[in-house]
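What follows is coords_22.tsv (TSV, C-alpha atoms).
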```tsv
chain	number	residue	atom	x	y	z
A	1	MET	CA	5.60	-25.54	4.14
A	2	PHE	CA	3.23	-22.61	4.69
A	3	ASP	CA	0.72	-23.71	7.34
A	4	VAL	CA	-2.26	-21.40	6.92
A	5	GLU	CA	-4.19	-22.97	9.80
A	6	ALA	CA	-1.28	-22.30	12.16
A	7	VAL	CA	-1.13	-18.73	10.86
A	8	ARG	CA	-4.84	-18.24	11.45
A	9	ARG	CA	-4.46	-19.17	15.11
A	10	ASP	CA	-2.28	-16.07	15.52
A	11	PHE	CA	-5.19	-13.75	14.60
A	12	PRO	CA	-7.80	-13.45	17.36
A	13	ILE	CA	-10.36	-11.63	15.22
A	14	LEU	CA	-10.64	-14.59	12.85
A	15	GLU	CA	-12.37	-16.50	15.65
A	16	ARG	CA	-15.27	-14.06	15.48
A	17	GLN	CA	-18.67	-15.06	14.17
A	18	LEU	CA	-21.13	-12.78	12.38
A	19	ARG	CA	-24.81	-13.69	12.71
A	20	GLY	CA	-23.82	-17.20	13.68
A	21	LYS	CA	-21.43	-17.62	10.74
A	22	ARG	CA	-17.65	-17.79	10.85
A	23	LEU	CA	-16.02	-14.58	9.67
A	24	VAL	CA	-14.53	-14.81	6.17
A	25	TYR	CA	-12.32	-11.73	5.95
A	26	LEU	CA	-11.55	-10.86	2.32
A	27	ASP	CA	-10.75	-7.15	2.67
A	28	SER	CA	-7.04	-7.09	3.44
A	29	ALA	CA	-6.31	-4.66	0.60
A	30	ALA	CA	-8.23	-2.09	2.65
A	31	THR	CA	-6.65	-3.10	5.95
A	32	SER	CA	-5.14	-6.33	7.22
A	33	GLN	CA	-5.93	-8.05	10.47
A	34	LYS	CA	-3.32	-8.07	13.25
A	35	PRO	CA	-1.58	-11.08	14.82
A	36	ARG	CA	-1.19	-11.42	18.57
A	37	ALA	CA	2.48	-10.54	18.25
A	38	VAL	CA	1.55	-7.05	17.01
A	39	LEU	CA	-1.27	-6.58	19.51
A	40	ASP	CA	1.02	-7.65	22.35
A	41	ALA	CA	3.87	-5.40	21.20
A	42	VAL	CA	1.64	-2.33	21.24
A	43	ALA	CA	0.23	-3.29	24.65
A	44	ARG	CA	3.76	-3.81	26.06
A	45	PHE	CA	4.74	-0.34	24.90
A	46	TYR	CA	1.83	1.37	26.64
A	47	GLU	CA	2.08	-0.81	29.74
A	48	GLY	CA	5.85	-0.82	30.12
A	49	PHE	CA	7.66	2.17	28.61
A	50	ASN	CA	5.17	4.68	27.24
A	51	ALA	CA	7.05	7.96	26.87
A	52	ASN	CA	7.94	10.54	24.28
A	53	VAL	CA	11.04	9.91	22.20
A	54	HIS	CA	14.34	11.75	21.71
A	55	ARG	CA	15.95	14.11	24.21
A	56	GLY	CA	14.27	12.60	27.25
A	57	ALA	CA	16.39	12.54	30.41
A	58	HIS	CA	14.80	9.44	31.90
A	59	THR	CA	14.74	5.68	31.39
A	60	LEU	CA	11.29	5.37	29.83
A	61	SER	CA	12.11	7.94	27.17
A	62	ASP	CA	15.39	6.17	26.42
A	63	GLU	CA	13.55	2.85	26.06
A	64	ALA	CA	10.85	4.37	23.85
A	65	THR	CA	13.48	6.06	21.68
A	66	ASP	CA	15.41	2.81	21.30
A	67	ALA	CA	12.24	0.94	20.30
A	68	TYR	CA	11.27	3.66	17.81
A	69	GLU	CA	14.67	3.72	16.13
A	70	GLN	CA	14.92	-0.08	16.17
A	71	ALA	CA	11.63	-0.11	14.27
A	72	ARG	CA	13.18	2.19	11.67
A	73	LEU	CA	16.15	-0.16	11.36
A	74	LYS	CA	13.93	-3.23	10.94
A	75	VAL	CA	11.84	-1.54	8.25
A	76	SER	CA	14.96	-0.44	6.39
A	77	ARG	CA	16.28	-4.00	6.31
A	78	PHE	CA	12.88	-5.36	5.29
A	79	ILE	CA	12.89	-3.34	2.05
A	80	GLY	CA	16.62	-3.41	1.39
A	81	ALA	CA	17.35	0.24	2.15
A	82	VAL	CA	20.98	1.30	2.35
A	83	SER	CA	20.45	3.00	5.71
A	84	PRO	CA	17.68	3.60	8.29
A	85	ARG	CA	18.28	7.31	7.59
A	86	GLU	CA	16.29	6.72	4.39
A	87	ILE	CA	13.17	5.67	6.32
A	88	VAL	CA	10.69	8.45	7.12
A	89	PHE	CA	7.79	7.48	9.36
A	90	VAL	CA	4.50	8.97	8.17
A	91	ARG	CA	0.83	8.16	8.80
A	92	ASN	CA	0.33	6.06	5.67
A	93	ALA	CA	1.31	5.72	2.01
A	94	THR	CA	-0.92	8.67	1.17
A	95	GLU	CA	1.06	10.99	3.41
A	96	GLY	CA	4.31	9.64	2.02
A	97	MET	CA	3.37	10.47	-1.55
A	98	ASN	CA	2.04	13.88	-0.54
A	99	LEU	CA	5.35	14.54	1.21
A	100	VAL	CA	7.22	13.96	-2.05
A	101	ALA	CA	4.76	16.14	-3.94
A	102	TYR	CA	5.13	18.98	-1.45
A	103	SER	CA	8.80	18.78	-0.54
A	104	TRP	CA	10.33	17.61	-3.82
A	105	ALA	CA	8.02	18.38	-6.74
A	106	ARG	CA	6.71	21.87	-5.91
A	107	LYS	CA	10.19	23.30	-5.66
A	108	ARG	CA	11.63	21.64	-8.75
A	109	LEU	CA	8.92	21.42	-11.42
A	110	ARG	CA	8.32	24.18	-13.93
A	111	ALA	CA	5.73	24.87	-16.63
A	112	GLY	CA	5.94	22.24	-19.34
A	113	ASP	CA	7.67	19.63	-17.18
A	114	GLU	CA	5.92	16.28	-17.28
A	115	ILE	CA	4.78	13.77	-14.67
A	116	VAL	CA	3.96	10.30	-16.00
A	117	LEU	CA	1.30	8.26	-14.18
A	118	SER	CA	-0.92	5.34	-15.17
A	119	VAL	CA	-4.67	5.04	-15.63
A	120	MET	CA	-4.87	2.59	-12.72
A	121	GLU	CA	-3.52	4.88	-9.98
A	122	HIS	CA	-5.16	5.17	-6.58
A	123	HIS	CA	-6.32	8.72	-5.86
A	124	SER	CA	-3.41	9.00	-3.41
A	125	ASN	CA	-1.03	8.77	-6.36
A	126	LEU	CA	-3.09	11.00	-8.62
A	127	ILE	CA	-4.51	13.95	-6.69
A	128	PRO	CA	-1.15	15.13	-5.27
A	129	TRP	CA	0.24	15.33	-8.81
A	130	GLN	CA	-2.88	17.07	-10.11
A	131	ARG	CA	-2.29	19.73	-7.45
A	132	VAL	CA	1.40	20.00	-8.32
A	133	ALA	CA	0.53	20.38	-12.00
A	134	SER	CA	-2.03	23.08	-11.22
A	135	GLU	CA	0.45	25.05	-9.11
A	136	THR	CA	3.55	24.69	-11.29
A	137	GLY	CA	2.23	24.38	-14.85
A	138	ALA	CA	3.56	20.84	-15.14
A	139	VAL	CA	1.71	18.41	-17.41
A	140	LEU	CA	0.32	15.00	-16.46
A	141	ARG	CA	0.66	12.14	-18.92
A	142	PHE	CA	-0.82	8.68	-18.52
A	143	ILE	CA	0.31	5.19	-19.42
A	144	PRO	CA	-2.67	3.42	-21.04
A	145	LEU	CA	-3.82	-0.11	-20.31
A	146	TYR	CA	-4.47	-3.20	-22.34
A	147	ALA	CA	-7.88	-4.85	-22.05
A	148	ASP	CA	-6.59	-7.28	-19.41
A	149	GLY	CA	-5.55	-4.43	-17.12
A	150	THR	CA	-1.82	-4.59	-17.77
A	151	MET	CA	0.19	-1.54	-18.79
A	152	ASP	CA	0.39	-0.80	-22.51
A	153	LEU	CA	4.05	0.14	-22.94
A	154	SER	CA	3.98	0.09	-26.73
A	155	GLU	CA	4.57	3.85	-26.86
A	156	ILE	CA	6.36	4.30	-23.57
A	157	ASP	CA	9.35	5.94	-25.27
A	158	ARG	CA	6.98	8.70	-26.37
A	159	LEU	CA	5.46	9.08	-22.91
A	160	ILE	CA	8.72	9.14	-20.99
A	161	GLY	CA	10.84	11.78	-22.73
A	162	ASP	CA	13.21	14.64	-22.12
A	163	ARG	CA	10.50	16.72	-20.40
A	164	THR	CA	9.68	13.95	-17.94
A	165	ARG	CA	10.71	14.78	-14.39
A	166	LEU	CA	8.86	12.09	-12.46
A	167	VAL	CA	7.22	8.73	-13.12
A	168	ALA	CA	4.82	7.76	-10.31
A	169	VAL	CA	3.10	4.38	-10.49
A	170	THR	CA	1.58	1.74	-8.29
A	171	HIS	CA	3.54	-1.46	-7.93
A	172	VAL	CA	0.36	-3.54	-7.59
A	173	SER	CA	-3.07	-2.22	-8.53
A	174	ASN	CA	-5.57	-2.20	-5.66
A	175	VAL	CA	-8.38	-2.93	-8.15
A	176	LEU	CA	-6.91	-5.06	-10.93
A	177	GLY	CA	-4.20	-6.81	-8.96
A	178	THR	CA	-1.80	-6.07	-11.83
A	179	ILE	CA	1.89	-6.24	-10.93
A	180	ASN	CA	3.55	-3.46	-12.89
A	181	PRO	CA	7.05	-3.52	-14.44
A	182	VAL	CA	8.53	-0.90	-12.15
A	183	ARG	CA	12.12	-1.97	-12.79
A	184	ARG	CA	11.73	-1.26	-16.50
A	185	LEU	CA	10.00	2.04	-15.77
A	186	ALA	CA	12.85	3.01	-13.46
A	187	GLU	CA	15.37	2.38	-16.21
A	188	LEU	CA	13.36	4.41	-18.71
A	189	ALA	CA	12.88	7.27	-16.25
A	190	HIS	CA	16.53	7.39	-15.25
A	191	ALA	CA	17.62	7.37	-18.89
A	192	GLN	CA	15.79	10.71	-19.21
A	193	GLY	CA	17.08	12.11	-15.93
A	194	ALA	CA	13.71	11.59	-14.23
A	195	LEU	CA	12.86	9.91	-10.93
A	196	LEU	CA	10.53	6.99	-10.16
A	197	LEU	CA	8.14	6.96	-7.22
A	198	VAL	CA	6.43	3.66	-6.41
A	199	ASP	CA	3.17	3.27	-4.49
A	200	GLY	CA	3.98	0.07	-2.61
A	201	ALA	CA	0.82	-0.13	-0.50
A	202	GLN	CA	-0.29	-3.37	-2.18
A	203	SER	CA	3.14	-4.90	-2.80
A	204	VAL	CA	5.30	-4.51	0.32
A	205	PRO	CA	2.84	-6.52	2.48
A	206	HIS	CA	2.51	-9.33	-0.04
A	207	MET	CA	5.79	-10.08	-1.80
A	208	PRO	CA	9.52	-9.58	-1.44
A	209	VAL	CA	10.33	-5.93	-2.17
A	210	ASP	CA	13.86	-4.61	-2.38
A	211	VAL	CA	14.26	-0.97	-3.33
A	212	GLY	CA	17.63	-1.68	-4.91
A	213	ASP	CA	16.16	-4.36	-7.14
A	214	LEU	CA	13.24	-2.12	-8.09
A	215	GLY	CA	15.57	0.74	-8.97
A	216	CYS	CA	13.09	3.30	-7.66
A	217	ASP	CA	13.87	6.62	-6.00
A	218	PHE	CA	10.91	6.79	-3.60
A	219	LEU	CA	8.67	4.06	-2.17
A	220	ALA	CA	5.63	4.63	0.03
A	221	PHE	CA	3.62	2.03	1.94
A	222	SER	CA	1.25	1.67	4.91
A	223	GLY	CA	1.74	-0.34	8.07
A	224	HIS	CA	-1.91	-1.26	8.53
A	225	LYS	CA	-1.95	-3.21	5.26
A	226	MET	CA	0.98	-5.38	6.40
A	227	LEU	CA	-0.33	-6.59	9.78
A	228	GLY	CA	0.72	-3.40	11.62
A	229	PRO	CA	-1.37	-0.75	13.36
A	230	MET	CA	-3.23	2.04	11.63
A	231	GLY	CA	-1.63	5.47	11.62
A	232	ILE	CA	1.91	4.40	10.75
A	233	GLY	CA	3.41	4.33	7.29
A	234	VAL	CA	6.75	4.66	5.55
A	235	LEU	CA	8.30	6.83	2.91
A	236	TRP	CA	11.62	5.49	1.70
A	237	GLY	CA	13.75	7.81	-0.39
A	238	ARG	CA	17.34	7.80	-1.55
A	239	ALA	CA	19.35	9.69	1.05
A	240	GLU	CA	20.71	12.31	-1.33
A	241	LEU	CA	17.17	13.16	-2.45
A	242	LEU	CA	15.83	13.45	1.08
A	243	GLU	CA	18.77	15.59	2.12
A	244	ALA	CA	18.04	18.05	-0.68
A	245	MET	CA	14.32	18.32	0.12
A	246	ASP	CA	12.63	20.88	2.36
A	247	PRO	CA	10.68	19.72	5.43
A	248	PHE	CA	7.04	18.78	4.98
A	249	MET	CA	5.88	20.33	8.28
A	250	GLY	CA	7.41	22.61	10.88
A	251	GLY	CA	7.52	22.13	14.62
A	252	GLY	CA	9.34	20.23	17.29
A	253	SER	CA	11.86	17.48	16.56
A	254	MET	CA	12.54	18.51	12.96
A	255	ILE	CA	14.91	21.36	13.78
A	256	ASP	CA	18.60	21.80	14.55
A	257	GLU	CA	18.56	25.38	15.86
A	258	VAL	CA	15.76	27.94	16.15
A	259	SER	CA	15.93	31.70	16.64
A	260	LEU	CA	13.25	34.34	16.42
A	261	ASP	CA	14.44	35.03	12.87
A	262	GLY	CA	14.60	31.51	11.44
A	263	ALA	CA	15.63	27.91	11.87
A	264	THR	CA	17.88	25.20	10.54
A	265	TRP	CA	16.76	21.64	10.03
A	266	ALA	CA	17.66	18.37	11.68
A	267	ASP	CA	19.33	15.64	9.67
A	268	ILE	CA	17.26	13.11	7.76
A	269	PRO	CA	14.95	11.45	8.48
A	270	HIS	CA	14.05	13.58	11.49
A	271	LYS	CA	13.53	16.82	9.55
A	272	PHE	CA	10.41	15.17	8.06
A	273	GLU	CA	9.00	13.98	11.41
A	274	ALA	CA	7.71	17.11	13.10
A	275	GLY	CA	5.98	16.75	16.44
A	276	THR	CA	5.34	13.69	18.57
A	277	PRO	CA	5.53	10.61	16.34
A	278	ASN	CA	3.36	7.51	16.44
A	279	VAL	CA	5.74	5.54	18.64
A	280	SER	CA	3.29	2.74	19.42
A	281	GLY	CA	2.55	2.44	15.71
A	282	ALA	CA	6.24	2.08	14.92
A	283	VAL	CA	6.60	-0.54	17.65
A	284	GLY	CA	3.64	-2.45	16.21
A	285	LEU	CA	5.03	-2.15	12.69
A	286	ALA	CA	8.35	-3.58	13.86
A	287	ALA	CA	6.50	-6.56	15.32
A	288	ALA	CA	4.65	-7.00	12.01
A	289	VAL	CA	7.95	-6.96	10.14
A	290	ASP	CA	9.33	-9.60	12.51
A	291	TYR	CA	6.24	-11.74	11.94
A	292	LEU	CA	6.46	-11.47	8.15
A	293	ARG	CA	10.20	-12.14	8.11
A	294	GLU	CA	9.70	-15.27	10.19
A	295	LEU	CA	7.08	-16.55	7.74
A	296	GLY	CA	9.23	-15.51	4.79
A	297	MET	CA	7.94	-13.18	2.11
A	298	GLU	CA	8.57	-15.77	-0.59
A	299	SER	CA	6.23	-18.11	1.28
A	300	VAL	CA	3.63	-15.37	1.68
A	301	ARG	CA	3.80	-14.70	-2.06
A	302	ARG	CA	3.52	-18.39	-2.99
A	303	HIS	CA	0.45	-18.78	-0.77
A	304	GLU	CA	-1.22	-15.78	-2.41
A	305	ILE	CA	-0.48	-17.07	-5.90
A	306	GLU	CA	-2.04	-20.40	-4.96
A	307	ILE	CA	-5.17	-18.89	-3.45
A	308	THR	CA	-5.56	-16.34	-6.27
A	309	ARG	CA	-5.25	-19.09	-8.90
A	310	TYR	CA	-7.89	-21.10	-7.06
A	311	ALA	CA	-10.16	-18.04	-6.80
A	312	LEU	CA	-9.88	-17.14	-10.49
A	313	ASP	CA	-10.82	-20.71	-11.42
A	314	ALA	CA	-13.68	-20.87	-8.90
A	315	LEU	CA	-15.19	-17.57	-10.01
A	316	LYS	CA	-15.30	-18.71	-13.63
A	317	GLY	CA	-18.21	-20.88	-12.63
A	318	VAL	CA	-20.34	-17.98	-11.38
A	319	GLU	CA	-22.87	-17.10	-14.07
A	320	GLY	CA	-22.92	-13.41	-15.00
A	321	LEU	CA	-19.76	-12.56	-13.09
A	322	THR	CA	-17.05	-10.43	-14.73
A	323	VAL	CA	-13.61	-10.56	-13.12
A	324	PHE	CA	-11.21	-7.72	-13.87
A	325	GLY	CA	-7.45	-7.86	-14.24
A	326	PRO	CA	-4.86	-10.27	-15.61
A	327	ALA	CA	-5.79	-13.93	-15.98
A	328	ASP	CA	-2.35	-15.17	-14.92
A	329	PRO	CA	-2.08	-15.36	-11.10
A	330	GLU	CA	1.69	-15.03	-11.42
A	331	SER	CA	1.14	-11.55	-12.92
A	332	ARG	CA	-1.13	-10.23	-10.22
A	333	GLY	CA	-1.41	-9.81	-6.48
A	334	GLY	CA	-4.13	-11.28	-4.29
A	335	VAL	CA	-6.74	-8.70	-5.32
A	336	VAL	CA	-9.78	-9.86	-7.31
A	337	SER	CA	-12.38	-7.27	-8.33
A	338	PHE	CA	-15.61	-8.30	-9.99
A	339	ALA	CA	-19.05	-7.19	-11.11
A	340	LEU	CA	-22.17	-9.34	-11.15
A	341	GLU	CA	-24.68	-8.75	-13.91
A	342	GLY	CA	-27.84	-7.12	-12.58
A	343	ALA	CA	-26.41	-6.51	-9.10
A	344	ASP	CA	-25.13	-3.27	-7.58
A	345	ALA	CA	-21.69	-3.65	-6.00
A	346	TYR	CA	-22.86	-2.30	-2.64
A	347	ASP	CA	-25.89	-4.59	-2.61
A	348	LEU	CA	-23.59	-7.49	-3.44
A	349	GLY	CA	-21.26	-6.59	-0.59
A	350	SER	CA	-24.18	-6.35	1.82
A	351	PHE	CA	-25.53	-9.70	0.66
A	352	LEU	CA	-22.15	-11.36	1.27
A	353	ASP	CA	-21.88	-9.68	4.66
A	354	GLN	CA	-25.08	-11.43	5.72
A	355	GLU	CA	-23.18	-14.68	5.19
A	356	GLY	CA	-20.17	-13.50	7.19
A	357	ILE	CA	-18.06	-12.68	4.11
A	358	ALA	CA	-16.31	-9.29	4.24
A	359	VAL	CA	-15.46	-7.77	0.84
A	360	ARG	CA	-15.03	-4.19	-0.37
A	361	ALA	CA	-17.50	-2.40	-2.63
A	362	GLY	CA	-17.15	0.91	-4.44
A	363	HIS	CA	-14.69	2.69	-6.70
A	364	HIS	CA	-11.76	1.84	-4.39
A	365	CYS	CA	-10.37	5.38	-4.70
A	366	CYS	CA	-9.86	4.73	-8.42
A	367	GLN	CA	-12.66	6.61	-10.15
A	368	PRO	CA	-10.73	7.15	-13.44
A	369	LEU	CA	-10.07	3.40	-13.56
A	370	MET	CA	-13.76	2.67	-12.98
A	371	LYS	CA	-14.53	4.89	-15.96
A	372	TRP	CA	-12.00	2.95	-18.03
A	373	LEU	CA	-13.61	-0.33	-16.92
A	374	GLN	CA	-17.02	1.16	-17.84
A	375	VAL	CA	-18.54	0.30	-14.47
A	376	PRO	CA	-19.66	2.62	-11.64
A	377	SER	CA	-18.07	0.38	-9.02
A	378	THR	CA	-16.90	-3.14	-8.32
A	379	ALA	CA	-16.88	-5.57	-5.44
A	380	ARG	CA	-13.42	-6.68	-4.40
A	381	ALA	CA	-12.11	-9.72	-2.57
A	382	SER	CA	-8.53	-9.39	-1.42
A	383	PHE	CA	-6.54	-12.27	0.01
A	384	TYR	CA	-3.70	-12.45	2.50
A	385	LEU	CA	-1.63	-14.97	4.38
A	386	TYR	CA	-4.52	-16.06	6.65
A	387	ASN	CA	-7.04	-16.87	3.91
A	388	THR	CA	-7.94	-20.43	2.92
A	389	LEU	CA	-9.26	-22.25	-0.13
A	390	GLU	CA	-12.41	-23.04	1.85
A	391	GLU	CA	-13.07	-19.31	2.20
A	392	VAL	CA	-12.77	-18.94	-1.57
A	393	ASP	CA	-15.32	-21.75	-1.94
A	394	ALA	CA	-17.69	-19.87	0.36
A	395	LEU	CA	-17.27	-16.70	-1.71
A	396	ALA	CA	-17.96	-18.51	-4.98
A	397	ARG	CA	-20.94	-20.38	-3.53
A	398	TRP	CA	-22.68	-17.27	-2.25
A	399	LEU	CA	-21.89	-15.28	-5.37
A	400	SER	CA	-23.65	-17.99	-7.35
A	401	MET	CA	-26.73	-17.43	-5.21
A	402	ALA	CA	-26.52	-13.64	-5.17
A	403	LYS	CA	-27.95	-12.97	-8.61
A	404	VAL	CA	-31.25	-14.62	-7.80
A	405	ALA	CA	-31.31	-13.25	-4.27
A	406	LEU	CA	-30.75	-9.69	-5.49
A	407	GLY	CA	-33.38	-9.87	-8.19
A	408	GLY	CA	-31.01	-10.08	-11.12
A	409	LEU	CA	-32.99	-12.80	-12.91
```

Kindly transcribe the structure held in the file into structure tokens.
Amino acid sequence: MFDVEAVRRDFPILERQLRGKRLVYLDSAATSQKPRAVLDAVARFYEGFNANVHRGAHTLSDEATDAYEQARLKVSRFIGAVSPREIVFVRNATEGMNLVAYSWARKRLRAGDEIVLSVMEHHSNLIPWQRVASETGAVLRFIPLYADGTMDLSEIDRLIGDRTRLVAVTHVSNVLGTINPVRRLAELAHAQGALLLVDGAQSVPHMPVDVGDLGCDFLAFSGHKMLGPMGIGVLWGRAELLEAMDPFMGGGSMIDEVSLDGATWADIPHKFEAGTPNVSGAVGLAAAVDYLRELGMESVRRHEIEITRYALDALKGVEGLTVFGPADPESRGGVVSFALEGADAYDLGSFLDQEGIAVRAGHHCCQPLMKWLQVPSTARASFYLYNTLEEVDALARWLSMAKVALGGL
């Protein structure tokens, strides 16, 4: 059985109090908190074998290199990759998607080619493709949404056609919580000779993800959203695609041979990892993967379904509150965005902060989606493996008081 209280004891920051109140951290979609296992792993690296990786002629460098490449192996197994060669370490999911835009799309897309996105995409999976379209003459097309925030695939055969070269979608919306049918989209894309890129920033930390089961061609995600350090992320790509792509940046480590006239590239994944990598970040990410594997991703997912179901029911009782996204907790991740009648989202977030409750407020890097929702911004509570039903009760209780406190009545 998933023991959330035992889990919470692994996270030192959850012992913190704000203005005399116990911290209720409901902002894991922005960044997750870190267990002692991750904090200790990073400290052990810096205290015991801090050195640069690859080509070092001394013990510390060998140990750092082994830890860095072991992290790559652990990540590859965590997402079901065929080989660790398919794992490129980047700063975050944003960099991973930009890498694909720069190294794959710019070279291959031509005027009139089409990139299919959805209305719910994070800016990180929108702006790179806007830039590609501007530079190549490619055309962006968008999958619409139903009123409940799920994808409207009624005309998907028209959207994904013989001019489609890439479908790029989020697996789980960071605003709506919607879990998208990426397997079906992969099949539709491949039937037209197109590729599928998945933004896994909100799925890989929260549910079992296997790239073979998804059928995707690229997957990007961030370490800091899955209990790991900031500054480390992953781009997974099928080996044959990565091998055919140009490097993203030039410099040390990504080369085979260099002359004054030119250079040849290292094998994958190293040709995409120019310069000194974030070794401590990779070590911390490996520890996070170990922690999540020990808990079991099925257990993590079941806990989030339970707490999201409880939250959706509890928030129904808050007068004037609109909750966005699917009603079925089985069809969504642990992200719940809402708007309170008569209250600005930022004021609402500040009010909750006074009670020790940390939520997000704003457009969540999804301004086109905010326009579709017809709101300037939302507040967002996002749950993870260390959140409790009692914390949901606290959120609902203070939201019930917020309308009066903020002058909404």

Next on the checklist: With distances taken over only C-alpha atoms, which residue among A:Gln33, A:Gln130, A:Ser118, A:Ser259 lies nearest Phe142 (chain A)?
Outcome noted: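 So, comparing all the options, the nearest one is A:Ser118.
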
Checklist entry - Pick from A:Ala314, A:Asp27, A:Ser280, A:Phe218: nearest to Glu47 (chain A), with only C-alpha atoms counted? => result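 Of A:Ala314, A:Asp27, A:Ser280, A:Phe218, the one nearest Glu47 (chain A), counting only C-alpha atoms, is A:Ser280.
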
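The environment of region 302-308 of chain A within 8 Å, counting only C-alpha atoms and disregarding residues fewer than 6 places along the same chain, consists of A:Phe2, A:His206, A:Pro329, A:Glu330, A:Gly333, A:Gly334, A:Val335, A:Val336, A:Phe383, A:Tyr384, A:Leu385, A:Asn387, A:Thr388, A:Leu389, A:Val392.
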
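Taking CA of Leu315 (chain A) as the reference point, CA of Lys34 (chain A) is found at 27.8 Å.
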
Next on the checklist: One decimal, in Å: what's the spacing between CA of Val7 (chain A) and CA of Phe89 (chain A)?
Outcome noted: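 Computing the Euclidean distance for CA of Val7 (chain A) and CA of Phe89 (chain A) yields 27.7 Å.
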
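Proximity to Phe11 (chain A) at 10 Å, evaluated using only C-alpha atoms and with sequence-adjacent residues fewer than 4 positions away removed, yields A:Ala6, A:Val7, A:Glu15, A:Gln33, A:Lys34, A:Pro35, A:Arg36, A:Ala37, A:Val38, A:Leu39, A:Leu227, A:Tyr386.
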
Item to check | Residue with smallest distance to Arg108 (chain A) - pool A:Tyr46, A:Phe338, A:Glu5, A:Met245, counting only C-alpha atoms | outcome: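 Closest to Arg108 (chain A), using only C-alpha atoms: A:Met245.
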
Item to check | Using all atoms listed in the file: which of A:Gly296, A:Gly237, A:Gly149, A:Pro144 has the shortest distance to Ser173 (chain A) | outcome: A:Gly149

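Minimum distance to Ala239 (chain A) across A:Ala402, A:Leu140, A:Leu99, A:Val88 (counting all atoms listed in the file) occurs at A:Val88.
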
Which region 384-407 of chain A residues have any atom within 9 Å of an atom of region 349-363 of chain A, and for each, what is the nearest pair of atoms with distance in Å to one decimal, counting only C-alpha atoms, rows sorted by chain and number, as a tab-separated table?
```
residue	atom	partner	partner_atom	distance
A:Glu391	CA	A:Ile357	CA	8.5
A:Ala394	CA	A:Ile357	CA	8.1
A:Leu395	CA	A:Ile357	CA	7.1
A:Trp398	CA	A:Leu352	CA	6.9
A:Leu399	CA	A:Leu352	CA	7.7
A:Ala402	CA	A:Phe351	CA	7.1
A:Ala405	CA	A:Phe351	CA	8.4
A:Leu406	CA	A:Phe351	CA	8.1
```

Store the residues of this selection in a file with C-alpha atoms, as a short mmCIF file (atom, residue, chain, number, x, y, z; two decimals), in the frame of the given file.
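Saved as part.cif:
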```
data_model
loop_
_atom_site.label_atom_id
_atom_site.label_comp_id
_atom_site.auth_asym_id
_atom_site.auth_seq_id
_atom_site.Cartn_x
_atom_site.Cartn_y
_atom_site.Cartn_z
CA GLU A 391 -13.07 -19.31 2.20
CA ALA A 394 -17.69 -19.87 0.36
CA LEU A 395 -17.27 -16.70 -1.71
CA TRP A 398 -22.68 -17.27 -2.25
CA LEU A 399 -21.89 -15.28 -5.37
CA ALA A 402 -26.52 -13.64 -5.17
CA ALA A 405 -31.31 -13.25 -4.27
CA LEU A 406 -30.75 -9.69 -5.49
#
```

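Interatomic distance, CA of Ala343 (chain A) to CA of Cys366 (chain A): 20.0 Å.
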
Item to check | Nearby residues (all atoms listed in the file) at most 8 Å from Gly275 (chain A), same-chain spacing under 6 positions excluded, as an MDAnalysis selection string | outcome: chainID A and resid 251:254

Checklist entry - Nearest to Asp162 (chain A): which of A:Val116, A:Leu219, A:Ile127, A:Val53 is it, counting all atoms listed in the file? => result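 When distances to Asp162 (chain A) are compared using all atoms listed in the file, the smallest one comes from A:Val116.
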
Item to check | Neighbour list for region 202-205 of chain A as number ranges by chain, cut-off 8 Å, only C-alpha atoms, skip fewer than 2 positions in-chain | outcome: A: 29, 79, 171-174, 199-200, 207-209, 221, 225-227, 333

Checklist entry - Can you tell me, as number ranges by chain, what residues are no more than 6 Å from Thr264 (chain A) when counting all atoms listed in the file, ignoring any on the same chain fewer than 3 positions away? => result A: 255-257
